[in-house]
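Engineer: I have a structure I would like to understand better, so I am pasting it below and will then ask my questions one at a time.
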Amino acid sequence: NGGTKLLQSGVSAHSSRQFSWYVNNTRVVGATSPNYNALVAGTITVVVDSLGCIQSDQILLNSDLTFDLGPDKQLCSPAQDTLRSFLPN
């Protein structure tokens with residue numbers, strides 16, 4: 001199956017932030033950190049709640065690919081930001 005794939009939210013951990021990870025729209029129990037080791041291919045979503053400022057990002061994970069969702073972001077300053085994912089050349 002290709003093993004686990006490390007997904008990084010790009011948002012640093014902070015006591016005011018709550019992270020939730022989903023695989024194919026099903027919440028992963030216990031996955032509450034900025035990073036997630038995906039065990040299966042599918043649609044992976046991270047939702048970050050920072051004092052009511054909620055951002056999310058979603059990616060389709062193919063077992064043959066590894067993803068880095070980019071550098072860390074500070075949420076709510078500005079109030080909105082876009083989380084992007086890309087495949088390096």
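We name chains A, B, ... following the order of the structure tokens; residues begin at 1 in each chain, and ligands are numbered from 1 as shown.
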Find the residues around Ser16 in chain A up to 10 Å (only C-alpha atoms counted), leave out those fewer than 5 positions away in its own chain, and share them as number ranges by chain.
Structural biologist: A: 49-52
Engineer: Output all heavy atoms of each residue in that selection to a file, as a short mmCIF file (atom, residue, chain, number, x, y, z; two decimals), in the first residue's frame.
Structural biologist:
```
data_model
loop_
_atom_site.label_atom_id
_atom_site.label_comp_id
_atom_site.auth_asym_id
_atom_site.auth_seq_id
_atom_site.Cartn_x
_atom_site.Cartn_y
_atom_site.Cartn_z
N ASP A 49 -9.65 25.20 13.72
CA ASP A 49 -10.48 26.20 14.40
C ASP A 49 -9.59 26.98 15.34
O ASP A 49 -9.05 26.43 16.30
CB ASP A 49 -11.61 25.50 15.16
CG ASP A 49 -12.57 26.48 15.84
OD1 ASP A 49 -12.20 27.65 16.04
OD2 ASP A 49 -13.68 26.06 16.18
N SER A 50 -9.41 28.26 15.07
CA SER A 50 -8.60 29.13 15.89
C SER A 50 -9.50 30.22 16.46
O SER A 50 -9.74 31.24 15.82
CB SER A 50 -7.46 29.74 15.07
OG SER A 50 -6.65 30.58 15.86
N LEU A 51 -10.06 29.93 17.64
CA LEU A 51 -10.96 30.88 18.32
C LEU A 51 -12.12 31.30 17.43
O LEU A 51 -12.49 32.47 17.36
CB LEU A 51 -10.18 32.10 18.81
CG LEU A 51 -9.05 31.82 19.80
CD1 LEU A 51 -8.27 33.09 20.10
CD2 LEU A 51 -9.59 31.19 21.08
N GLY A 52 -12.70 30.32 16.74
CA GLY A 52 -13.85 30.58 15.88
C GLY A 52 -13.51 30.95 14.45
O GLY A 52 -14.39 31.01 13.60
#
```
Engineer: Neighbours of Gln58 in chain A within 8 Å (only C-alpha atoms; same-chain residues fewer than 6 positions away dropped), as a list of chain:residue names?
Structural biologist: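 Here the answer would be A:Thr43, A:Ile44, A:Thr45, A:Val46.
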Engineer: Excluding Tyr22 in chain A and residues on its chain fewer than 6 positions from it, collect all residues at most 12 Å away from it, counting only C-alpha atoms, and give them as JSON, numbers by chain.
Structural biologist: {"A": [7, 28, 29, 30, 31, 32, 36, 37, 38, 39, 40, 41, 42, 43, 44, 45, 46, 47, 48, 56, 57, 58, 59, 60]}
Engineer: Which distance in Å separates CA of Arg27 in chain A and CA of Gln55 in chain A, to one decimal?
Structural biologist: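 We find that CA of Arg27 in chain A and CA of Gln55 in chain A lie 15.8 Å from each other.
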